[in-house]
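K.L.:
entry.pdb is reproduced below (PDB, C-alpha atoms and all ligand atoms).
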ATOM      1  CA  MET J 115      11.672   7.407  26.632  1.00  0.00           C
ATOM      2  CA  LYS J 116      12.116  10.512  24.543  1.00  0.00           C
ATOM      3  CA  LEU J 117       8.986  11.692  22.770  1.00  0.00           C
ATOM      4  CA  THR J 118       8.059  14.647  20.581  1.00  0.00           C
ATOM      5  CA  LEU J 119       6.628  16.486  23.605  1.00  0.00           C
ATOM      6  CA  ASP J 120       7.858  16.358  27.186  1.00  0.00           C
ATOM      7  CA  SER J 121       6.004  14.014  29.496  1.00  0.00           C
ATOM      8  CA  PHE J 122       4.468  16.794  31.560  1.00  0.00           C
ATOM      9  CA  CYS J 123       2.769  18.317  28.536  1.00  0.00           C
ATOM     10  CA  LEU J 124       1.713  14.876  27.320  1.00  0.00           C
ATOM     11  CA  LYS J 125       0.062  13.951  30.587  1.00  0.00           C
ATOM     12  CA  SER J 126      -1.595  17.277  31.304  1.00  0.00           C
ATOM     13  CA  GLY J 127      -2.533  18.137  27.724  1.00  0.00           C
ATOM     14  CA  LYS J 128      -1.548  21.703  28.614  1.00  0.00           C
ATOM     15  CA  LEU J 129       1.401  22.761  26.540  1.00  0.00           C
ATOM     16  CA  CYS J 130       4.468  24.603  27.763  1.00  0.00           C
ATOM     17  CA  LYS J 131       6.007  27.352  25.610  1.00  0.00           C
ATOM     18  CA  THR J 132       8.389  24.989  23.815  1.00  0.00           C
ATOM     19  CA  CYS J 133       5.709  22.444  22.963  1.00  0.00           C
ATOM     20  CA  GLN J 134       3.215  25.141  21.983  1.00  0.00           C
ATOM     21  CA  LYS J 135       5.793  26.539  19.557  1.00  0.00           C
ATOM     22  CA  LYS J 136       6.186  23.116  17.979  1.00  0.00           C
ATOM     23  CA  MET J 137       2.409  22.838  17.708  1.00  0.00           C
ATOM     24  CA  ASP J 138       2.074  26.278  16.106  1.00  0.00           C
ATOM     25  CA  SER J 139       4.803  25.555  13.571  1.00  0.00           C
ATOM     26  CA  GLY J 140       3.195  22.252  12.600  1.00  0.00           C
ATOM     27  CA  GLU J 141       6.122  20.150  13.821  1.00  0.00           C
ATOM     28  CA  ILE J 142       3.738  18.339  16.124  1.00  0.00           C
ATOM     29  CA  SER J 143      -0.038  17.911  16.116  1.00  0.00           C
ATOM     30  CA  GLU J 144      -2.799  16.229  18.100  1.00  0.00           C
ATOM     31  CA  ILE J 145      -1.523  12.794  17.036  1.00  0.00           C
ATOM     32  CA  ASP J 146       1.759  13.458  18.882  1.00  0.00           C
ATOM     33  CA  ILE J 147      -0.148  13.870  22.120  1.00  0.00           C
ATOM     34  CA  GLU J 148      -2.327  10.821  21.573  1.00  0.00           C
ATOM     35  CA  PHE J 149       0.493   8.603  20.407  1.00  0.00           C
ATOM     36  CA  GLY J 150       2.888   9.882  23.054  1.00  0.00           C
ATOM     37  CA  ASN J 151       0.453   8.944  25.806  1.00  0.00           C
ATOM     38  CA  LEU J 152      -0.097   5.573  24.221  1.00  0.00           C
ATOM     39  CA  LEU J 153       3.652   4.936  24.204  1.00  0.00           C
ATOM     40  CA  ILE J 154       3.984   5.930  27.854  1.00  0.00           C
ATOM     41  CA  GLU J 155       1.236   3.424  28.713  1.00  0.00           C
ATOM     42  CA  ALA J 156       2.789   0.741  26.500  1.00  0.00           C
ATOM     43  CA  GLY J 157       6.128   1.351  28.223  1.00  0.00           C
ATOM     44  CA  LYS J 158       4.646   0.206  31.523  1.00  0.00           C
ATOM     45  CA  LEU J 159       3.990  -3.234  30.046  1.00  0.00           C
ATOM     46  CA  ASN J 160       6.987  -3.368  27.760  1.00  0.00           C
ATOM     47  CA  LYS J 161      10.011  -2.303  29.782  1.00  0.00           C
ATOM     48  CA  PHE J 162      12.275  -2.449  26.722  1.00  0.00           C
ATOM     49  CA  LEU J 163      10.500   0.669  25.421  1.00  0.00           C
ATOM     50  CA  ALA J 164      11.988   2.710  28.267  1.00  0.00           C
ATOM     51  CA  ASP J 165      14.913   4.075  26.246  1.00  0.00           C
ATOM     52  CA  ILE J 166      13.299   4.568  22.836  1.00  0.00           C
ATOM     53  CA  THR J 167      13.231   7.906  21.048  1.00  0.00           C
ATOM     54  CA  LEU J 168      10.397   9.162  18.875  1.00  0.00           C
ATOM     55  CA  ASN J 169      11.866  12.066  16.907  1.00  0.00           C
ATOM     56  CA  ARG J 170       8.995  13.064  14.728  1.00  0.00           C
ATOM     57  CA  ILE J 171       5.645  11.964  13.375  1.00  0.00           C
ATOM     58  CA  ILE J 172       5.187  12.859   9.713  1.00  0.00           C
ATOM     59  CA  GLN J 173       1.606  12.845   8.507  1.00  0.00           C
ATOM     60  CA  THR J 174       0.723  12.423   4.843  1.00  0.00           C
ATOM     61  CA  ASP J 175      -2.743  12.044   3.297  1.00  0.00           C
ATOM     62  CA  LYS J 176      -2.567   8.278   3.603  1.00  0.00           C
ATOM     63  CA  SER J 177      -0.274   7.375   6.460  1.00  0.00           C
ATOM     64  CA  TYR J 178       1.809   8.333   9.432  1.00  0.00           C
ATOM     65  CA  TYR J 179       5.567   7.886   9.449  1.00  0.00           C
ATOM     66  CA  LEU J 180       7.222   7.679  12.835  1.00  0.00           C
ATOM     67  CA  LEU J 181      10.885   8.607  12.921  1.00  0.00           C
ATOM     68  CA  MET J 182      12.502   6.564  15.644  1.00  0.00           C
ATOM     69  CA  GLY J 183      15.945   6.506  17.233  1.00  0.00           C
ATOM     70  CA  LYS J 184      18.632   4.001  16.316  1.00  0.00           C
ATOM     71  CA  GLY J 185      17.535   0.433  17.003  1.00  0.00           C
ATOM     72  CA  ASP J 186      14.099   1.536  18.139  1.00  0.00           C
ATOM     73  CA  VAL J 187      12.099   0.297  15.162  1.00  0.00           C
ATOM     74  CA  GLU J 188      12.704  -3.293  16.243  1.00  0.00           C
ATOM     75  CA  LYS J 189      11.534  -2.477  19.773  1.00  0.00           C
ATOM     76  CA  MET J 190       8.394  -0.829  18.446  1.00  0.00           C
ATOM     77  CA  LYS J 191       7.628  -3.874  16.339  1.00  0.00           C
ATOM     78  CA  ARG J 192       8.027  -6.087  19.396  1.00  0.00           C
ATOM     79  CA  ALA J 193       5.569  -3.937  21.354  1.00  0.00           C
ATOM     80  CA  LEU J 194       3.034  -3.451  18.557  1.00  0.00           C
ATOM     81  CA  PRO J 195       0.899  -6.551  19.118  1.00  0.00           C
ATOM     82  CA  SER J 196       0.032  -5.265  22.596  1.00  0.00           C
ATOM     83  CA  MET J 197      -0.809  -1.796  21.228  1.00  0.00           C
ATOM     84  CA  LYS J 198      -3.023  -2.716  18.269  1.00  0.00           C
ATOM     85  CA  LEU J 199      -6.379  -1.784  19.753  1.00  0.00           C
ATOM     86  CA  GLN J 200      -5.139   1.476  21.237  1.00  0.00           C
ATOM     87  CA  ILE J 201      -3.630   2.497  17.902  1.00  0.00           C
ATOM     88  CA  LYS J 202      -6.895   1.667  16.134  1.00  0.00           C
ATOM     89  CA  ALA J 203      -8.656   3.999  18.557  1.00  0.00           C
ATOM     90  CA  ILE J 204      -6.384   6.863  17.473  1.00  0.00           C
ATOM     91  CA  THR J 205      -6.290   6.361  13.719  1.00  0.00           C
ATOM     92  CA  ASN J 206      -7.218   4.002  10.925  1.00  0.00           C
ATOM     93  CA  LEU J 207      -4.362   5.194   8.764  1.00  0.00           C
ATOM     94  CA  PRO J 208      -1.362   2.874   8.543  1.00  0.00           C
ATOM     95  CA  LEU J 209       1.673   3.714  10.673  1.00  0.00           C
ATOM     96  CA  TYR J 210       5.162   3.137   9.354  1.00  0.00           C
ATOM     97  CA  TYR J 211       8.266   3.132  11.500  1.00  0.00           C
ATOM     98  CA  LEU J 212      11.532   4.515  10.181  1.00  0.00           C
ATOM     99  CA  GLU J 213      14.897   4.870  11.830  1.00  0.00           C
ATOM    100  CA  LYS J 214      16.054   8.488  11.722  1.00  0.00           C
ATOM    101  CA  SER J 215      19.371   8.577   9.913  1.00  0.00           C
ATOM    102  CA  LYS J 216      21.504  10.789   7.694  1.00  0.00           C
ATOM    103  CA  ASN J 217      22.245   7.722   5.615  1.00  0.00           C
ATOM    104  CA  LYS J 218      19.953   8.209   2.615  1.00  0.00           C
ATOM    105  CA  THR J 219      20.465   4.691   1.290  1.00  0.00           C
ATOM    106  CA  LYS J 220      19.332   3.134   4.544  1.00  0.00           C
ATOM    107  CA  VAL J 221      16.338   5.425   4.960  1.00  0.00           C
ATOM    108  CA  LEU J 222      15.192   4.856   1.374  1.00  0.00           C
ATOM    109  CA  GLU J 223      15.567   1.097   1.714  1.00  0.00           C
ATOM    110  CA  ASP J 224      13.451   1.139   4.873  1.00  0.00           C
ATOM    111  CA  LEU J 225      10.928   3.495   3.331  1.00  0.00           C
ATOM    112  CA  PHE J 226      10.281   1.473   0.184  1.00  0.00           C
ATOM    113  CA  ASP J 227      10.787  -1.968   1.707  1.00  0.00           C
ATOM    114  CA  PRO J 228      10.382  -4.599   0.233  1.00  0.00           C
ATOM    115  CA  ILE J 229      11.279  -2.764  -2.993  1.00  0.00           C
ATOM    116  CA  ALA J 230      14.865  -1.536  -3.127  1.00  0.00           C
ATOM    117  CA  PRO J 231      15.593   1.598  -5.168  1.00  0.00           C
ATOM    118  CA  LEU J 232      18.259   1.049  -7.843  1.00  0.00           C
ATOM    119  CA  SER J 233      20.026   4.262  -6.875  1.00  0.00           C
ATOM    120  CA  HIS J 234      19.543   7.819  -5.730  1.00  0.00           C
ATOM    121  CA  SER J 235      21.279  11.078  -6.507  1.00  0.00           C
ATOM    122  CA  VAL J 236      20.955  14.751  -5.711  1.00  0.00           C
ATOM    123  CA  VAL J 237      19.953  16.821  -8.743  1.00  0.00           C
ATOM    124  CA  MET J 238      19.430  20.536  -9.318  1.00  0.00           C
ATOM    125  CA  ILE J 239      15.955  21.590 -10.346  1.00  0.00           C
ATOM    126  CA  PRO J 240      15.709  24.623 -12.654  1.00  0.00           C
ATOM    127  CA  PRO J 241      15.060  27.522 -12.604  1.00  0.00           C
ATOM    128  CA  GLU J 242      16.088  28.151  -8.984  1.00  0.00           C
ATOM    129  CA  GLY J 243      18.604  25.330  -8.760  1.00  0.00           C
ATOM    130  CA  ASP J 244      16.877  23.798  -5.757  1.00  0.00           C
ATOM    131  CA  LYS J 245      18.296  20.447  -4.734  1.00  0.00           C
ATOM    132  CA  GLU J 246      16.091  17.420  -5.087  1.00  0.00           C
ATOM    133  CA  LEU J 247      16.617  13.741  -4.558  1.00  0.00           C
ATOM    134  CA  LYS J 248      16.117  11.607  -7.657  1.00  0.00           C
ATOM    135  CA  ILE J 249      15.199   8.069  -6.694  1.00  0.00           C
ATOM    136  CA  GLN J 250      15.507   5.417  -9.385  1.00  0.00           C
ATOM    137  CA  PHE J 251      13.533   2.220  -9.559  1.00  0.00           C
ATOM    138  CA  LYS J 252      13.184  -0.627 -12.002  1.00  0.00           C
ATOM    139  CA  ARG J 253      10.257   0.045 -14.313  1.00  0.00           C
ATOM    140  CA  SER J 254       8.723  -3.273 -13.291  1.00  0.00           C
ATOM    141  CA  ASP J 255       8.512  -2.080  -9.684  1.00  0.00           C
ATOM    142  CA  LYS J 256       6.330   0.900 -10.581  1.00  0.00           C
ATOM    143  CA  GLU J 257       3.022  -0.826  -9.887  1.00  0.00           C
ATOM    144  CA  ASN J 258       4.174  -2.272  -6.585  1.00  0.00           C
ATOM    145  CA  LEU J 259       5.393   0.828  -4.794  1.00  0.00           C
ATOM    146  CA  LYS J 260       3.251   1.367  -1.716  1.00  0.00           C
ATOM    147  CA  ILE J 261       4.350   4.986  -1.376  1.00  0.00           C
ATOM    148  CA  ASP J 262       3.737   7.582  -4.059  1.00  0.00           C
ATOM    149  CA  ALA J 263       6.178  10.286  -5.074  1.00  0.00           C
ATOM    150  CA  GLU J 264       4.338  13.026  -3.218  1.00  0.00           C
ATOM    151  CA  GLU J 265       4.435  11.125   0.076  1.00  0.00           C
ATOM    152  CA  ALA J 266       8.082  10.200  -0.371  1.00  0.00           C
ATOM    153  CA  SER J 267       8.931  13.816  -1.107  1.00  0.00           C
ATOM    154  CA  LEU J 268       7.354  14.961   2.142  1.00  0.00           C
ATOM    155  CA  ILE J 269       9.476  12.477   4.054  1.00  0.00           C
ATOM    156  CA  THR J 270      12.756  13.312   2.327  1.00  0.00           C
ATOM    157  CA  LYS J 271      12.007  17.003   2.895  1.00  0.00           C
ATOM    158  CA  THR J 272      11.713  16.406   6.625  1.00  0.00           C
ATOM    159  CA  LEU J 273      14.748  14.141   6.856  1.00  0.00           C
ATOM    160  CA  PHE J 274      17.157  15.572   4.300  1.00  0.00           C
ATOM    161  CA  SER J 275      15.738  19.064   3.706  1.00  0.00           C
ATOM    162  CA  MET J 276      15.068  18.277   0.054  1.00  0.00           C
ATOM    163  CA  GLY J 277      12.085  17.007  -1.871  1.00  0.00           C
ATOM    164  CA  SER J 278      12.324  14.013  -4.145  1.00  0.00           C
ATOM    165  CA  HIS J 279      10.976  12.520  -7.347  1.00  0.00           C
ATOM    166  CA  PHE J 280      10.942   9.060  -8.867  1.00  0.00           C
ATOM    167  CA  SER J 281      12.514   7.894 -12.064  1.00  0.00           C
ATOM    168  CA  PHE J 282      11.923   4.515 -13.676  1.00  0.00           C
ATOM    169  CA  ASN J 283      14.460   2.669 -15.821  1.00  0.00           C
TER     170      ASN J 283
HETATM  171 ZN    ZN S   1       6.209  20.920  26.898  1.00  0.00          ZN
END
Step by step, read the file and then write its structure as structure tokens.
Ligand SMILES: [Zn+2]
P.N.:
Amino acid sequence: MKLTLDSFCLKSGKLCKTCQKKMDSGEISEIDIEFGNLLIEAGKLNKFLADITLNRIIQTDKSYYLLMGKGDVEKMKRALPSMKLQIKAITNLPLYYLEKSKNKTKVLEDLFDPIAPLSHSVVMIPPEGDKELKIQFKRSDKENLKIDAEEASLITKTLFSMGSHFSFN
């Protein structure tokens, strides 16, 4: 199991230089320690969790997004029923599981599931010419999106190094 901190730091709660750096930069936070320990415990009951990777936990105002390795979202979902109470003890915010990928189409489909974006494209934003991802939806889907533009932008920034905005047709 590969987590956002090494297992020694997770178990002891005392951070090594590398993990402390991640903490100081905001890449990880207290939730990484709590959730990491929970996953180690869950792995004892659910052996199929042994080879999963948790790349990153992204926190927004409303939710947590867990970036998992390839094929690991399914494994997490299998283990979740046995982890419900422990997760509740950590946070009441919803947790979403995403597979880390460079494939924007796949990530966006997972992110907005069950609503599929019509398309996405990289656009330049004046005046600096910063790149941003423009994500298009059907106008009729506007009310049903569970993720707002600000949240989505935070996630695309982490995954693709560019913010994003919505457009409705
Ligand atoms: Zn460490």
K.L.:
In terms of the shortest atom-to-atom distance over all atoms listed in the file, which of J:Lys158, J:Gln173, J:Lys184, J:Leu168 is closest to Leu268 in chain J?
P.N.:
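Ranking J:Lys158, J:Gln173, J:Lys184, J:Leu168 by distance to Leu268 in chain J, first place goes to J:Gln173.
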K.L.:
Between J:Pro195, J:Gly277, J:Gly127, J:Pro208, which is the closest to ligand ZN 1 (chain S) once you count only C-alpha atoms and all ligand atoms?
P.N.:
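Checking each of J:Pro195, J:Gly277, J:Gly127, J:Pro208 against ligand ZN 1 (chain S), counting only C-alpha atoms and all ligand atoms, the winner is J:Gly127.
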K.L.:
Can you list every residue of chain J that has an atom at most 12 Å from ligand ZN 1 (chain S), with its nearest atom pair and the distance in Å to one decimal, using only C-alpha atoms and all ligand atoms, ordered by chain then number, as CSV?
P.N.:
residue,atom,partner,partner_atom,distance
J:Leu117,CA,S:ZN1,ZN,10.5
J:Thr118,CA,S:ZN1,ZN,9.1
J:Leu119,CA,S:ZN1,ZN,5.5
J:Asp120,CA,S:ZN1,ZN,4.9
J:Ser121,CA,S:ZN1,ZN,7.4
J:Phe122,CA,S:ZN1,ZN,6.5
J:Cys123,CA,S:ZN1,ZN,4.6
J:Leu124,CA,S:ZN1,ZN,7.5
J:Lys125,CA,S:ZN1,ZN,10.0
J:Ser126,CA,S:ZN1,ZN,9.7
J:Gly127,CA,S:ZN1,ZN,9.2
J:Lys128,CA,S:ZN1,ZN,8.0
J:Leu129,CA,S:ZN1,ZN,5.2
J:Cys130,CA,S:ZN1,ZN,4.2
J:Lys131,CA,S:ZN1,ZN,6.6
J:Thr132,CA,S:ZN1,ZN,5.6
J:Cys133,CA,S:ZN1,ZN,4.2
J:Gln134,CA,S:ZN1,ZN,7.1
J:Lys135,CA,S:ZN1,ZN,9.3
J:Lys136,CA,S:ZN1,ZN,9.2
J:Met137,CA,S:ZN1,ZN,10.1
J:Ile142,CA,S:ZN1,ZN,11.4
J:Asp146,CA,S:ZN1,ZN,11.8
J:Ile147,CA,S:ZN1,ZN,10.6
K.L.:
Any chance you could resolve the PyMOL selection byres (((chain J and resi 272) around 12) and not hetatm) against this file and give the residues as a PDB file with C-alpha atoms, keeping the file's coordinate frame?
P.N.:
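Written out: selection.pdb:
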ATOM      1  CA  GLY J 140       3.195  22.252  12.600  1.00  0.00           C
ATOM      2  CA  GLU J 141       6.122  20.150  13.821  1.00  0.00           C
ATOM      3  CA  ASN J 169      11.866  12.066  16.907  1.00  0.00           C
ATOM      4  CA  ARG J 170       8.995  13.064  14.728  1.00  0.00           C
ATOM      5  CA  ILE J 171       5.645  11.964  13.375  1.00  0.00           C
ATOM      6  CA  ILE J 172       5.187  12.859   9.713  1.00  0.00           C
ATOM      7  CA  GLN J 173       1.606  12.845   8.507  1.00  0.00           C
ATOM      8  CA  THR J 174       0.723  12.423   4.843  1.00  0.00           C
ATOM      9  CA  TYR J 179       5.567   7.886   9.449  1.00  0.00           C
ATOM     10  CA  LEU J 180       7.222   7.679  12.835  1.00  0.00           C
ATOM     11  CA  LEU J 181      10.885   8.607  12.921  1.00  0.00           C
ATOM     12  CA  LYS J 214      16.054   8.488  11.722  1.00  0.00           C
ATOM     13  CA  SER J 215      19.371   8.577   9.913  1.00  0.00           C
ATOM     14  CA  LYS J 216      21.504  10.789   7.694  1.00  0.00           C
ATOM     15  CA  GLU J 265       4.435  11.125   0.076  1.00  0.00           C
ATOM     16  CA  ALA J 266       8.082  10.200  -0.371  1.00  0.00           C
ATOM     17  CA  SER J 267       8.931  13.816  -1.107  1.00  0.00           C
ATOM     18  CA  LEU J 268       7.354  14.961   2.142  1.00  0.00           C
ATOM     19  CA  ILE J 269       9.476  12.477   4.054  1.00  0.00           C
ATOM     20  CA  THR J 270      12.756  13.312   2.327  1.00  0.00           C
ATOM     21  CA  LYS J 271      12.007  17.003   2.895  1.00  0.00           C
ATOM     22  CA  LEU J 273      14.748  14.141   6.856  1.00  0.00           C
ATOM     23  CA  PHE J 274      17.157  15.572   4.300  1.00  0.00           C
ATOM     24  CA  SER J 275      15.738  19.064   3.706  1.00  0.00           C
ATOM     25  CA  MET J 276      15.068  18.277   0.054  1.00  0.00           C
ATOM     26  CA  GLY J 277      12.085  17.007  -1.871  1.00  0.00           C
ATOM     27  CA  SER J 278      12.324  14.013  -4.145  1.00  0.00           C
TER      28      SER J 278
END
K.L.:
Could you spell out the hits of the PyMOL selection byres (((chain J and resi 160) around 12) and not hetatm) on the shown file, as JSON, numbers by chain?
P.N.:
{"J": [115, 152, 153, 154, 155, 156, 157, 158, 159, 161, 162, 163, 164, 165, 166, 189, 190, 191, 192, 193, 194, 195, 196, 197]}
K.L.:
What would the selection look like, as a ChimeraX atom specification, if the PyMOL selection byres (((chain J and resi 227) around 12) and not hetatm) were run on the coordinates I just shared?
P.N.:
/J:210-212,219-226,228-231,255,258-261
K.L.:
Would you compute the distance between CA of Lys176 in chain J and CA of Asn151 in chain J? Give it in Å to one decimal.
P.N.:
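Straight-line distance from CA of Lys176 in chain J to CA of Asn151 in chain J works out to 22.4 Å.
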K.L.:
Between J:Leu207, J:Phe280, J:Pro240, J:Glu148, which is the closest to Glu264 in chain J once you count all atoms listed in the file?
P.N.:
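Nearest to Glu264 in chain J: J:Phe280.
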K.L.:
Go through J:Phe282, J:Ile239, J:Ile204, J:His234 and flag the residue nearest Arg253 in chain J, using all atoms listed in the file for the distances.
P.N.:
J:Phe282
K.L.:
CA of Lys116 in chain J to CA of Phe149 in chain J: how many Å, to one decimal?
P.N.:
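Going from CA of Lys116 in chain J over to CA of Phe149 in chain J, I get 12.5 Å.
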K.L.:
Which distance in Å separates CA of Gln200 in chain J and CA of Gly185 in chain J, to one decimal?
P.N.:
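Computing it gives 23.1 Å between the two atoms.
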